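Student: Encoded as structure tokens, here's the structure I'll be asking about.
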Amino acid sequence: MSLSSLLRQLPLKVRLWLALILLALLALSSLIWLARHDWSLDAALDSLAGGTPVSTGFAGSGVKEYSSASAVLDDLPVREAGESTGYSRQLYGNAWADIDHNGCDQRNDILARDLGNLQRAENCRVLSGTLTDPYTGEVIDFERGEKTSQDVPIDHVVALSNAWQTGATLLPEADRAELANDPLNLQATGRLPNTQKSDADASEWLPQRGYRCEYVARQISVKAAYRLWVTPAEKSAMETVLATCPDQPAYRSDFGAE
């Protein structure tokens with residue numbers, strides 16, 4: 001006799017109790033998972049309810065607020081994405097170039113900006129710190145090392161491949177190098193969201209709800225600064241996000257092709 005047949009023979013009251021027990025076990029396993037991944041119950045509930053707004057606090061570190069993200073989005077050209085043919089990371093110049101000429105490469109500058117409990121060597125290298133990943137809410141302990149540095153990659157908020165397909169092919173090499181190293185377009189995150197996002201735009205991937213407004217505003221601001229366009233689907237996704245935060249500002253750094 002199958003399990004389903006046995007269950008059907010049980011009294012309705014017993015089946016209801018079994019269902020409640022199963023739901024309780026599922027809830028308990030979810031809480032255990034959240035605890036192991038440094039998520040709080042409050043954060044999880046916030047996410048389900050729409051998310052408490054999250055800001056990285058990057059504005060002010062060479063990045064200024066201006067206008068509104070919605071207004072800047074309205075001014076962006078809208079067209080379909082071009083081909084990715086010919087795209088190569090090398091077309092954006094040296095990775096983590098010191099474009100602000102402060103003596104530190106951009107990866108270490110961004111780690112120093114985004115991590116708390118920071119420890120640095122005299123040569124600018126970030127040795128350790130703690131990242132509260134705005135993309136997921138996860139807390140990640142960073143430690144510099146051959147096998148551990150990769151736990152905190154630096155994401156291009158507008159992926160370089162996406163930029164290539166939406167206008168970067170028309171930029172001079174120097175402007176592409178700024179796009180790849182502009183602090184406005186760089187964010188420390190965890191390996192999983194960095195991999196999941198890959199070269200997706202806002203119509204294909206978004207971070208946790210609480211960080212979507214700032215994230216989309218940064219993408220819009222980068223595209224405005226480097227004369228890139230958005231696709232119809234991308235603009236629609238951005239408008240949906242910004243409808244929840246109409247006062248969300250746009251951002252401007254000291255770099256850009258304007």
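Simple scheme: letters A, B, ... for chains in structure tokens order, numbers from 1 for residues in each chain, numbers from 1 for ligands in the order shown.
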Can you pull out every residue within 7 Å of Arg191 of chain A, counting only C-alpha atoms, but drop anything in the same chain fewer than 6 positions away, and send it as number ranges by chain?
Tutor: A: 151-153
Student: Put those residues in a file: C-alpha atoms, as a compact mmCIF listing (two decimals), in the first residue's frame.
Tutor:
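The file below, result_17.txt, is the result:
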# COMPACT_ATOMS: atom_id res chain seq x y z
CA ASP A 151 35.34 35.31 -1.16
CA VAL A 152 34.77 39.05 -1.72
CA PRO A 153 34.94 39.92 -5.42
Student: As a list in words, please: the residues near Ser149 of chain A (cut-off 12 Å, only C-alpha atoms, same-chain neighbours under 2 positions excluded).
Tutor: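 Contacts, with the query itself left out: Arg107, Asn108, Leu111, Arg125, Val126, Leu127, Ser128, Gly129, Ile140, Asp141, Phe142, Glu143, Arg144, Gly145, Glu146, Lys147, Asp151, Val152, Pro153, Ile154, Ala188, Thr189, Gly190 and Arg191 of chain A.
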Student: From the list A:Asn117, A:Gln106, A:Ser198, A:Gln219, which residue is nearest Val157 of chain A when using only C-alpha atoms?
Tutor: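 For Val157 of chain A, the nearest of the given residues is A:Gln219.
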Student: Where in segment 40-225 of chain A does DSSP assign helix (DSSP H, G or I), given as JSON, numbers by chain?
Tutor: {"A": [41, 42, 43, 44, 45, 46, 47, 48, 49, 69, 70, 71, 72, 73, 74, 75, 89, 90, 91, 92, 106, 107, 108, 109, 110, 111, 112, 113, 114, 149, 150, 151, 160, 161, 162, 163, 164, 165, 168, 169, 170, 173, 174, 175, 176, 177, 178, 179, 180, 181, 183, 184, 185, 191, 192, 193, 194, 195, 196, 197, 209, 210, 211, 212, 213, 214, 215, 216, 217, 218, 219, 220, 221, 222, 223, 224, 225]}
Student: List the spatial neighbours of Pro193 of chain A as a list in words - criterion: any atom at most 10 Å away, only C-alpha atoms, same-chain residues fewer than 4 positions off excluded.
Tutor: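 Near Pro193 of chain A, the qualifying residues are Asp133, Tyr135, Thr136, Pro153, Asp155, Thr189, Lys197, Ser198, Trp205, Leu206 and Pro207 of chain A.
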Student: Kindly export the residues of the current selection with N, CA and C atoms, as a PDB file, in the first residue's frame.
Tutor:
ATOM      1  N   ASP A 133      27.045  42.372   2.848  1.00  0.00           N
ATOM      2  CA  ASP A 133      26.796  42.399   1.409  1.00  0.00           C
ATOM      3  C   ASP A 133      25.448  43.061   1.120  1.00  0.00           C
ATOM      4  N   TYR A 135      23.892  43.197  -1.579  1.00  0.00           N
ATOM      5  CA  TYR A 135      23.111  42.415  -2.540  1.00  0.00           C
ATOM      6  C   TYR A 135      22.269  41.339  -1.863  1.00  0.00           C
ATOM      7  N   THR A 136      22.742  40.813  -0.735  1.00  0.00           N
ATOM      8  CA  THR A 136      22.049  39.693  -0.084  1.00  0.00           C
ATOM      9  C   THR A 136      21.734  39.929   1.388  1.00  0.00           C
ATOM     10  N   PRO A 153      34.596  39.298  -4.141  1.00  0.00           N
ATOM     11  CA  PRO A 153      34.942  39.918  -5.418  1.00  0.00           C
ATOM     12  C   PRO A 153      34.381  41.336  -5.496  1.00  0.00           C
ATOM     13  N   ASP A 155      32.159  43.695  -7.790  1.00  0.00           N
ATOM     14  CA  ASP A 155      31.202  43.648  -8.893  1.00  0.00           C
ATOM     15  C   ASP A 155      31.187  44.965  -9.653  1.00  0.00           C
ATOM     16  N   THR A 189      31.047  42.501  -3.000  1.00  0.00           N
ATOM     17  CA  THR A 189      29.915  41.610  -2.777  1.00  0.00           C
ATOM     18  C   THR A 189      30.437  40.203  -2.507  1.00  0.00           C
ATOM     19  N   LYS A 197      24.632  37.159 -10.903  1.00  0.00           N
ATOM     20  CA  LYS A 197      24.370  38.344 -11.712  1.00  0.00           C
ATOM     21  C   LYS A 197      25.085  38.264 -13.049  1.00  0.00           C
ATOM     22  N   SER A 198      26.361  37.925 -13.037  1.00  0.00           N
ATOM     23  CA  SER A 198      27.175  37.848 -14.247  1.00  0.00           C
ATOM     24  C   SER A 198      27.046  39.160 -15.029  1.00  0.00           C
ATOM     25  N   TRP A 205      18.273  40.502 -13.426  1.00  0.00           N
ATOM     26  CA  TRP A 205      18.777  40.214 -12.075  1.00  0.00           C
ATOM     27  C   TRP A 205      18.695  41.482 -11.235  1.00  0.00           C
ATOM     28  N   LEU A 206      18.267  41.312  -9.987  1.00  0.00           N
ATOM     29  CA  LEU A 206      18.245  42.400  -9.014  1.00  0.00           C
ATOM     30  C   LEU A 206      18.689  41.865  -7.656  1.00  0.00           C
ATOM     31  N   PRO A 207      19.267  42.713  -6.812  1.00  0.00           N
ATOM     32  CA  PRO A 207      19.656  42.287  -5.460  1.00  0.00           C
ATOM     33  C   PRO A 207      18.436  42.187  -4.552  1.00  0.00           C
TER      34      PRO A 207
END
Student: Quick one: residues within 9 Å of segment 170-180 of chain A, only C-alpha atoms counted, chain neighbours fewer than 2 positions away excluded, as a JSON list (two decimals) with N, CA and C atoms, in the first residue's frame?
Tutor:
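File produced: selection_34.json:
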[["chain", "number", "residue", "atom", "x", "y", "z"],
["A", 91, "LEU", "N", 39.67, 45.26, -23.29],
["A", 91, "LEU", "CA", 39.27, 46.49, -23.96],
["A", 91, "LEU", "C", 38.94, 47.61, -22.98],
["A", 92, "TYR", "N", 38.89, 47.27, -21.68],
["A", 92, "TYR", "CA", 38.63, 48.26, -20.64],
["A", 92, "TYR", "C", 39.90, 48.63, -19.88],
["A", 93, "GLY", "N", 41.04, 48.31, -20.43],
["A", 93, "GLY", "CA", 42.29, 48.69, -19.80],
["A", 93, "GLY", "C", 42.69, 47.77, -18.67],
["A", 94, "ASN", "N", 43.69, 48.20, -17.91],
["A", 94, "ASN", "CA", 44.20, 47.38, -16.80],
["A", 94, "ASN", "C", 43.17, 47.24, -15.69],
["A", 95, "ALA", "N", 43.01, 46.01, -15.21],
["A", 95, "ALA", "CA", 42.07, 45.77, -14.11],
["A", 95, "ALA", "C", 42.54, 46.50, -12.86],
["A", 96, "TRP", "N", 41.61, 47.19, -12.22],
["A", 96, "TRP", "CA", 41.84, 47.89, -10.96],
["A", 96, "TRP", "C", 42.90, 48.98, -11.07],
["A", 97, "ALA", "N", 42.89, 49.66, -12.21],
["A", 97, "ALA", "CA", 43.84, 50.76, -12.41],
["A", 97, "ALA", "C", 43.59, 51.87, -11.38],
["A", 99, "ILE", "N", 42.91, 55.00, -11.04],
["A", 99, "ILE", "CA", 42.49, 56.15, -11.84],
["A", 99, "ILE", "C", 42.39, 57.43, -11.03],
["A", 156, "HIS", "N", 31.07, 44.87, -10.98],
["A", 156, "HIS", "CA", 30.77, 46.05, -11.79],
["A", 156, "HIS", "C", 29.25, 46.20, -11.80],
["A", 158, "VAL", "N", 27.20, 48.13, -13.40],
["A", 158, "VAL", "CA", 26.86, 47.90, -14.80],
["A", 158, "VAL", "C", 27.94, 46.97, -15.34],
["A", 159, "ALA", "N", 27.56, 45.74, -15.61],
["A", 159, "ALA", "CA", 28.54, 44.75, -16.06],
["A", 159, "ALA", "C", 29.23, 45.24, -17.33],
["A", 160, "LEU", "N", 30.51, 44.94, -17.45],
["A", 160, "LEU", "CA", 31.28, 45.44, -18.59],
["A", 160, "LEU", "C", 30.77, 44.88, -19.91],
["A", 163, "ALA", "N", 27.71, 46.86, -20.68],
["A", 163, "ALA", "CA", 28.11, 48.18, -21.16],
["A", 163, "ALA", "C", 28.56, 48.10, -22.62],
["A", 164, "TRP", "N", 29.28, 47.04, -22.96],
["A", 164, "TRP", "CA", 29.76, 46.85, -24.33],
["A", 164, "TRP", "C", 28.57, 46.78, -25.30],
["A", 167, "GLY", "N", 26.59, 50.57, -25.76],
["A", 167, "GLY", "CA", 27.23, 51.82, -26.13],
["A", 167, "GLY", "C", 28.71, 51.96, -25.87],
["A", 168, "ALA", "N", 29.30, 51.10, -25.04],
["A", 168, "ALA", "CA", 30.72, 51.27, -24.70],
["A", 168, "ALA", "C", 31.64, 51.02, -25.89],
["A", 182, "ASP", "N", 35.61, 53.17, -12.15],
["A", 182, "ASP", "CA", 34.88, 54.25, -11.47],
["A", 182, "ASP", "C", 34.28, 53.72, -10.17],
["A", 183, "PRO", "N", 34.55, 54.36, -9.03],
["A", 183, "PRO", "CA", 33.97, 53.89, -7.76],
["A", 183, "PRO", "C", 32.45, 53.80, -7.79],
["A", 184, "LEU", "N", 31.80, 54.63, -8.59],
["A", 184, "LEU", "CA", 30.35, 54.56, -8.73],
["A", 184, "LEU", "C", 29.90, 53.22, -9.29],
["A", 185, "ASN", "N", 30.75, 52.60, -10.09],
["A", 185, "ASN", "CA", 30.40, 51.35, -10.77],
["A", 185, "ASN", "C", 30.99, 50.12, -10.10],
["A", 186, "LEU", "N", 31.57, 50.28, -8.92],
["A", 186, "LEU", "CA", 32.22, 49.15, -8.24],
["A", 186, "LEU", "C", 31.60, 48.91, -6.88],
["A", 222, "VAL", "N", 25.58, 55.43, -13.86],
["A", 222, "VAL", "CA", 26.73, 55.00, -14.65],
["A", 222, "VAL", "C", 26.42, 55.12, -16.14],
["A", 225, "ALA", "N", 26.54, 58.73, -17.11],
["A", 225, "ALA", "CA", 27.89, 59.30, -17.09],
["A", 225, "ALA", "C", 28.73, 58.86, -18.28],
["A", 226, "TYR", "N", 28.45, 57.66, -18.81],
["A", 226, "TYR", "CA", 29.27, 57.12, -19.90],
["A", 226, "TYR", "C", 28.50, 56.99, -21.21],
["A", 227, "ARG", "N", 27.39, 57.72, -21.31],
["A", 227, "ARG", "CA", 26.61, 57.82, -22.55],
["A", 227, "ARG", "C", 26.19, 56.44, -23.07],
["A", 255, "PHE", "N", 34.45, 60.98, -12.26],
["A", 255, "PHE", "CA", 34.84, 60.39, -13.54],
["A", 255, "PHE", "C", 33.63, 60.33, -14.46],
["A", 256, "GLY", "N", 33.85, 59.95, -15.69],
["A", 256, "GLY", "CA", 32.75, 59.83, -16.64],
["A", 256, "GLY", "C", 33.11, 60.43, -17.97],
["A", 257, "ALA", "N", 32.30, 60.10, -18.98],
["A", 257, "ALA", "CA", 32.57, 60.54, -20.35],
["A", 257, "ALA", "C", 31.70, 61.72, -20.75]]
Student: Could you give me, as a list in words, the residues within 7 Å of segment 74-79 of chain A, counting only C-alpha atoms and dropping anything in the same chain fewer than 3 positions from it?
Tutor: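 Neighbouring residues, sequence-local ones excluded: Ser70, Ala71, Ala224, Trp229, Val230, Thr231 and Pro232 of chain A.
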Student: Write out, as a tab-separated table (two decimals), in the first residue's frame, the residues just selected, with C-alpha atoms.
Tutor:
chain	number	residue	atom	x	y	z
A	70	SER	CA	13.78	58.69	-12.38
A	71	ALA	CA	14.57	61.97	-14.14
A	224	ALA	CA	24.26	58.50	-17.93
A	229	TRP	CA	21.64	53.32	-23.32
A	230	VAL	CA	19.06	51.07	-21.69
A	231	THR	CA	16.95	48.41	-23.36
A	232	PRO	CA	13.13	48.65	-23.23
Student: If we count only C-alpha atoms, what is near segment 249-253 of chain A at a cut-off of 7 Å, once residues fewer than 5 positions away on the same chain are taken out, given as a list in words?
Tutor: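 Contacts, with the query itself left out: Gly62, Val63, Lys64, Glu65, Tyr66, Ser67, Ser68, Ala69, Leu184, Ala217, Arg218 and Ser221 of chain A.
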Student: Excluding same-chain residues fewer than 3 positions from Val241 of chain A, what lies within 7 Å of it counting only C-alpha atoms, as a ChimeraX atom specification?
Tutor: /A:212-213,237-238,244
Student: Could you jot down the atom CA of Leu242 of chain A to atom CA of Thr166 of chain A separation for me, Å, one decimal place?
Tutor: 21.0 Å
Student: To one decimal place in Å, what is the distance between atom CA of Leu228 of chain A and atom CA of Gln165 of chain A?
Tutor: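 About the pair atom CA of Leu228 of chain A and atom CA of Gln165 of chain A: they are 9.0 Å apart.
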Student: Interatomic distance between atom CA of Gly116 of chain A and atom CA of Leu131 of chain A?
Tutor: 6.4 Å
